[in-house]
$ cat protein_26.txt   # compact mmCIF, C-alpha atoms and all ligand atoms
# COMPACT_ATOMS: atom_id res chain seq x y z
CA MET O 76 71.68 141.36 84.56
CA ALA O 77 71.85 137.79 83.28
CA ILE O 78 71.26 134.77 85.48
CA GLN O 79 74.06 132.22 85.10
CA LYS O 80 74.53 128.66 86.31
CA THR O 81 77.85 126.83 86.54
CA GLU O 82 79.93 124.30 88.42
CA ALA O 83 82.30 126.01 90.84
CA ILE O 84 85.06 125.39 93.37
CA VAL O 85 85.45 127.85 96.25
CA LEU O 86 88.92 129.42 96.28
CA LYS O 87 88.41 131.83 99.17
CA ASN O 88 85.70 133.28 101.36
CA GLN O 89 85.58 136.29 103.59
CA ASP O 90 82.91 137.63 105.98
CA ILE O 91 81.96 141.14 105.01
CA ARG O 92 78.96 141.63 107.28
CA GLU O 93 77.22 139.38 109.72
CA THR O 94 74.86 138.30 106.97
CA SER O 95 77.07 138.42 103.87
CA LEU O 96 80.08 136.58 102.50
CA LEU O 97 82.46 137.63 99.74
CA VAL O 98 83.39 134.46 97.85
CA THR O 99 85.98 133.84 95.13
CA PHE O 100 85.02 130.88 92.96
CA PHE O 101 86.84 129.12 90.16
CA THR O 102 84.05 128.17 87.77
CA ARG O 103 83.95 125.78 84.85
CA ASN O 104 82.24 128.23 82.49
CA PHE O 105 83.36 131.70 83.59
CA GLY O 106 86.85 131.22 85.07
CA LYS O 107 87.60 132.94 88.36
CA ILE O 108 84.74 135.14 89.63
CA GLN O 109 83.96 137.03 92.82
CA GLY O 110 80.50 137.31 94.25
CA ILE O 111 78.53 138.25 97.31
CA MET O 112 76.18 135.85 99.02
CA LYS O 113 73.70 137.84 101.09
CA GLY O 114 71.15 137.01 103.73
CA ILE O 115 72.84 134.03 105.30
CA ARG O 116 71.78 134.77 108.90
CA GLY O 117 70.14 131.76 110.51
CA ASN O 118 71.20 129.60 107.61
CA ARG O 119 74.90 129.94 108.23
CA GLY O 120 75.70 126.31 109.10
CA LYS O 121 74.12 124.85 105.98
CA ILE O 122 75.41 127.51 103.62
CA ASN O 123 78.85 127.58 105.17
CA ASN O 124 79.42 123.96 104.17
CA SER O 125 78.88 124.71 100.50
CA LEU O 126 80.93 127.92 100.71
CA GLN O 127 83.95 126.58 102.55
CA SER O 128 87.30 126.66 100.77
CA PHE O 129 87.74 124.11 97.95
CA THR O 130 84.19 122.69 98.12
CA HIS O 131 82.70 121.74 94.76
CA SER O 132 79.19 123.11 94.10
CA ASN O 133 76.68 124.11 91.47
CA ILE O 134 76.08 127.83 91.74
CA VAL O 135 73.54 130.29 90.36
CA PHE O 136 74.54 133.95 90.17
CA TYR O 137 73.38 137.27 88.75
CA GLU O 138 76.09 138.39 86.40
CA ARG O 139 76.97 142.08 86.60
CA LYS O 140 78.69 143.24 83.46
CA ARG O 141 80.32 146.45 84.63
CA GLY O 142 81.55 145.57 88.09
CA SER O 143 83.38 142.40 88.90
CA LEU O 144 81.25 141.48 91.94
CA HIS O 145 78.33 139.23 91.12
CA THR O 146 75.40 138.31 93.35
CA ILE O 147 75.36 134.63 94.28
CA SER O 148 71.79 133.45 94.70
CA GLN O 149 72.24 129.70 95.11
CA CYS O 150 75.03 127.31 96.01
CA ASP O 151 74.28 123.55 95.99
CA LEU O 152 76.99 121.33 97.39
CA LYS O 153 78.30 118.54 95.15
CA ASP O 154 81.39 117.44 97.08
CA PHE O 155 82.77 118.59 100.43
CA PHE O 156 85.89 116.34 100.23
CA GLY O 157 85.34 115.15 103.79
CA ASN O 158 88.21 112.60 103.81
CA LEU O 159 90.72 115.18 102.72
CA ARG O 160 89.65 117.55 105.53
CA LYS O 161 90.45 114.94 108.18
CA ASP O 162 94.14 115.09 107.19
CA LEU O 163 96.10 118.25 108.00
CA LYS O 164 98.71 117.79 105.26
CA LYS O 165 96.10 117.13 102.56
CA THR O 166 94.04 120.11 103.74
CA ALA O 167 97.14 122.30 103.56
CA TYR O 168 97.78 121.14 99.99
CA ALA O 169 94.16 121.82 98.99
CA TYR O 170 94.59 125.41 100.28
CA TYR O 171 97.86 125.59 98.35
CA PHE O 172 96.16 124.51 95.09
CA SER O 173 93.50 127.20 95.65
CA GLU O 174 96.22 129.79 96.26
CA LEU O 175 98.07 128.77 93.09
CA ILE O 176 94.90 129.14 91.00
CA GLN O 177 94.38 132.59 92.50
CA GLY O 178 97.97 133.53 91.71
CA PHE O 179 98.09 132.20 88.15
CA LEU O 180 94.67 133.16 86.79
CA GLN O 181 93.05 136.55 86.29
CA LEU O 182 89.34 137.20 86.94
CA HIS O 183 87.08 135.87 84.15
CA ASP O 184 89.99 133.95 82.61
CA LYS O 185 88.07 130.82 81.59
CA ASN O 186 90.15 127.65 81.41
CA GLU O 187 88.24 124.38 81.57
CA ASP O 188 91.42 122.24 81.49
CA ILE O 189 92.69 123.98 84.63
CA PHE O 190 89.23 123.62 86.23
CA ASN O 191 89.35 119.85 85.57
CA LEU O 192 92.92 119.68 86.88
CA LEU O 193 91.89 121.33 90.16
CA LEU O 194 88.75 119.20 90.52
CA ASN O 195 90.55 115.92 89.74
CA SER O 196 93.42 116.82 92.09
CA LEU O 197 90.95 117.42 94.95
CA ILE O 198 89.19 114.11 94.16
CA ALA O 199 92.62 112.40 94.24
CA LEU O 200 93.54 113.99 97.60
CA ASP O 201 90.21 112.77 98.98
CA GLU O 202 91.28 109.15 98.32
CA GLU O 203 92.70 107.55 101.42
CA LYS O 204 95.80 105.84 100.04
CA ILE O 205 97.28 108.51 97.88
CA ASP O 206 100.73 110.08 97.85
CA THR O 207 99.92 113.75 98.51
CA GLU O 208 103.27 114.94 97.21
CA ILE O 209 102.87 113.18 93.88
CA VAL O 210 99.43 114.78 93.45
CA ALA O 211 101.02 118.15 94.28
CA ARG O 212 103.90 117.81 91.79
CA ILE O 213 101.49 116.73 89.01
CA PHE O 214 99.23 119.69 89.86
CA GLU O 215 102.14 122.16 89.78
CA LEU O 216 103.61 120.88 86.51
CA GLN O 217 100.29 120.64 84.70
CA LEU O 218 99.22 124.08 85.95
CA LEU O 219 102.52 125.51 84.64
CA SER O 220 101.99 123.82 81.26
CA LEU O 221 98.35 124.88 80.94
CA SER O 222 99.15 128.49 81.82
CA GLY O 223 102.00 128.78 79.30
CA PHE O 224 105.04 128.21 81.55
CA LYS O 225 105.85 124.62 80.60
CA PRO O 226 109.49 123.92 81.60
CA LYS O 227 111.68 123.61 78.49
CA ILE O 228 113.78 120.55 79.18
CA ASP O 229 114.41 118.85 75.81
CA CYS O 230 117.75 120.55 75.19
CA CYS O 231 119.93 123.41 76.46
CA LEU O 232 118.08 126.75 76.26
CA LYS O 233 121.16 128.59 74.97
CA CYS O 234 123.14 126.23 72.69
CA SER O 235 120.28 123.80 71.82
CA ASN O 236 122.52 120.78 72.42
CA LYS O 237 121.20 117.70 74.20
CA VAL O 238 122.40 117.76 77.82
CA LYS O 239 123.94 114.38 78.61
CA ASP O 240 126.22 115.26 81.53
CA LYS O 241 125.71 117.72 84.35
CA ALA O 242 122.41 119.56 83.89
CA PHE O 243 121.14 122.85 85.35
CA PHE O 244 117.69 124.42 85.58
CA SER O 245 117.41 128.14 84.90
CA PHE O 246 114.48 129.81 86.71
CA ASN O 247 114.53 132.94 84.59
CA GLY O 248 114.78 131.00 81.31
CA GLY O 249 112.32 128.35 82.51
CA GLY O 250 114.39 125.40 81.37
CA LEU O 251 117.56 123.43 80.96
CA LEU O 252 121.14 124.66 80.64
CA CYS O 253 124.33 122.68 79.99
CA ALA O 254 127.50 123.10 82.08
CA GLY O 255 129.04 125.39 79.46
CA CYS O 256 126.03 127.72 79.19
CA VAL O 257 125.22 127.97 82.91
CA LEU O 258 128.25 130.21 83.55
CA ASN O 259 127.10 133.77 84.34
CA GLU O 260 123.53 132.54 84.99
CA ARG O 261 122.62 133.59 88.53
CA GLU O 262 119.20 131.99 88.98
CA ALA O 263 120.02 128.34 88.22
CA VAL O 264 120.41 125.11 90.21
CA THR O 265 121.79 121.69 89.34
CA ILE O 266 119.11 119.17 88.38
CA THR O 267 119.43 115.40 88.10
CA HIS O 268 118.48 113.46 84.99
CA ASP O 269 116.00 111.48 87.12
CA ALA O 270 114.20 114.73 88.01
CA LEU O 271 114.13 115.75 84.34
CA PHE O 272 112.64 112.36 83.43
CA PHE O 273 109.85 112.80 86.01
CA ILE O 274 109.12 116.39 84.99
CA HIS O 275 108.56 115.15 81.47
CA LEU O 276 106.42 112.24 82.66
CA LEU O 277 104.27 114.19 85.16
CA GLU O 278 103.40 116.98 82.77
CA SER O 279 102.61 114.77 79.80
CA LYS O 280 100.28 112.07 81.12
CA LYS O 281 96.80 112.13 82.62
CA LEU O 282 96.56 112.54 86.40
CA SER O 283 94.77 109.18 86.72
CA GLU O 284 97.67 107.38 85.01
CA LEU O 285 100.23 108.83 87.41
CA LEU O 286 98.67 108.62 90.85
CA HIS O 287 100.22 105.34 91.88
CA LEU O 288 103.78 106.11 90.78
CA LYS O 289 106.51 105.44 93.31
CA ILE O 290 109.16 108.14 93.54
CA ALA O 291 112.16 108.08 95.93
CA SER O 292 111.88 110.68 98.69
CA SER O 293 115.17 112.41 97.69
CA LEU O 294 113.78 112.88 94.19
CA LYS O 295 110.46 114.19 95.55
CA LYS O 296 112.39 116.80 97.55
CA GLU O 297 114.42 117.82 94.51
CA LEU O 298 111.30 118.20 92.34
CA ALA O 299 109.55 120.22 95.06
CA LEU O 300 112.49 122.63 95.45
CA VAL O 301 112.83 123.26 91.72
CA LEU O 302 109.09 123.66 91.08
CA HIS O 303 108.40 125.94 94.06
CA GLN O 304 111.19 128.29 93.10
CA PHE O 305 110.13 128.25 89.45
CA MET O 306 106.50 129.06 90.28
CA GLN O 307 107.47 131.93 92.55
CA VAL O 308 109.68 133.44 89.85
CA HIS O 309 106.96 133.21 87.20
CA SER O 310 103.99 134.31 89.26
CA GLY O 311 105.96 136.98 91.16
CA LYS O 312 104.28 135.73 94.34
CA LYS O 313 105.27 133.98 97.53
CA PHE O 314 102.66 131.37 98.41
CA ARG O 315 101.68 131.55 102.08
CA SER O 316 100.23 128.04 102.19
CA LEU O 317 103.59 126.67 101.09
CA ARG O 318 105.20 128.07 104.23
CA PHE O 319 102.54 126.24 106.27
CA ILE O 320 103.18 122.97 104.38
CA LYS O 321 106.91 123.27 105.17
CA GLN O 322 106.10 123.76 108.86
CA ILE O 323 103.95 120.60 108.88
CA GLU O 324 106.73 118.65 107.16
CA CYS O 325 109.29 119.86 109.73
CA LEU O 326 107.04 118.60 112.54
CA LYS O 327 107.07 115.13 110.98
CA ASP O 328 110.87 114.91 110.46
ZN ZN W 1 124.32 124.87 76.35
$ encode --input "protein_26.txt" --output "structure tokens"
Amino acid sequence: MAIQKTEAIVLKNQDIRETSLLVTFFTRNFGKIQGIMKGIRGNRGKINNSLQSFTHSNIVFYERKRGSLHTISQCDLKDFFGNLRKDLKKTAYAYYFSELIQGFLQLHDKNEDIFNLLLNSLIALDEEKIDTEIVARIFELQLLSLSGFKPKIDCCLKCSNKVKDKAFFSFNGGGLLCAGCVLNEREAVTITHDALFFIHLLESKKLSELLHLKIASSLKKELALVLHQFMQVHSGKKFRSLRFIKQIECLKD
């Protein structure tokens, strides 16, 4: 049983007994892991802070080779993202990011680029003047790219021609179709050239270079619709936190 140390972000926690928590972490060095933290009676307040969803910590755990459940022996808080937690919409998005990571990655699937994407997206949400939806669209597109589902939007998926006029996005094909090739394609929607431009931009630049972009609200809605549908098709999952985000947005309208 090896002792391991790594940076980690809490994806999910669950009480299993009065004194134990089952925690799913996304770690920098070991990918997604699950572990049990025992003996937290009397210490619950302090430990709970470092084990709450999407906190960033340094953890020490006993690695068990045969089973997937490790024993977490230490969890030292690095960042609680306190600003983000004061804002309901940002908190909902942080839960959504955690849910996406759980849906897209398998246990022990190490991916340091995705770890940095999650960490930097949480740091961005913690900033006061930040457009939450832009952070979310960058997160979604870069997560898709880094997990092998980068949208193919340079030319039509079927005929390989450049699409200059009316363009369509095929969810099953994961990319662009021209008006001639979209016939008989059931899972496709129209997509504007502005949306295609932003998909290309958001997936290809660093998060820090994109955070202060201004995007019209109609375009933000279009990007959100296309990306949410695309992610559900490719992960085979419906994301519960997304339903909650939609409810919050309805309250505002
Ligand atoms: Zn075509």
$ residues_around --input "protein_26.txt" --residues "Asn191 (chain O)" --least-positions-apart "6" --cutoff "12 Å" --atoms "all atoms listed in the file" --output "list in words"
Glu82, Ala83, Ile84, Phe101, Thr102, Arg103, Asn104, Gly106, His131, Lys185, Leu197, Ile198, Ala199, Phe214, Gln217, Leu218, Leu221, Lys281 and Leu282 of chain O
$ residues_near_ligand --input "protein_26.txt" --ligand "ligand ZN 1 (chain W)" --cutoff "12 Å" --atoms "only C-alpha atoms and all ligand atoms" --output "list in words"
Ile228, Asp229, Cys230, Cys231, Leu232, Lys233, Cys234, Ser235, Asn236, Lys237, Val238, Lys239, Asp240, Lys241, Ala242, Phe243, Phe244, Ser245, Gly250, Leu251, Leu252, Cys253, Ala254, Gly255, Cys256, Val257, Leu258 and Glu260 of chain O
$ closest_residue --input "protein_26.txt" --among "O:Ala167, O:Leu216, O:Ser128, O:Val264" --to "Arg318 (chain O)" --atoms "all atoms listed in the file"
O:Ala167
$ atom_distance --input "protein_26.txt" --atom1 "CA of His309 (chain O)" --atom2 "CA of Glu324 (chain O)"
24.7 Å
$ residues_around --input "protein_26.txt" --residues "Ile205 (chain O)" --least-positions-apart "3" --cutoff "8 Å" --atoms "all atoms listed in the file" --output "list in words"
Ala199, Leu200, Glu202, Val210, Leu286 and His287 of chain O
$ closest_residue --input "protein_26.txt" --among "O:Thr81, O:Glu215, O:Ser293, O:Gln89" --to "Glu138 (chain O)" --atoms "all atoms listed in the file"
O:Thr81
$ closest_residue --input "protein_26.txt" --among "O:Gln181, O:Thr130, O:Thr146, O:Thr94" --to "Ala77 (chain O)" --atoms "only C-alpha atoms"
O:Thr146
$ closest_residue --input "protein_26.txt" --among "O:Leu159, O:Arg212, O:Leu300, O:Phe246" --to "Arg261 (chain O)" --atoms "only C-alpha atoms"
O:Phe246
$ closest_residue --input "protein_26.txt" --among "O:Lys312, O:His145, O:Lys204, O:Arg139" --to "Asp162 (chain O)" --atoms "all atoms listed in the file"
O:Lys204
$ atom_distance --input "protein_26.txt" --atom1 "CA of Leu317 (chain O)" --atom2 "CA of His268 (chain O)"
25.6 Å
$ closest_residue --input "protein_26.txt" --among "O:Phe100, O:Ala291, O:Leu175, O:Asn158" --to "Lys313 (chain O)" --atoms "only C-alpha atoms"
O:Leu175
$ atom_distance --input "protein_26.txt" --atom1 "CA of Leu182 (chain O)" --atom2 "CA of Phe155 (chain O)"
23.9 Å
$ residues_near_point --input "protein_26.txt" --point "(72.7, 127.7, 93.3)" --cutoff "9 Å" --atoms "all atoms listed in the file" --output "PyMOL selection string"
chain O and resi 80-81+132-136+147-152
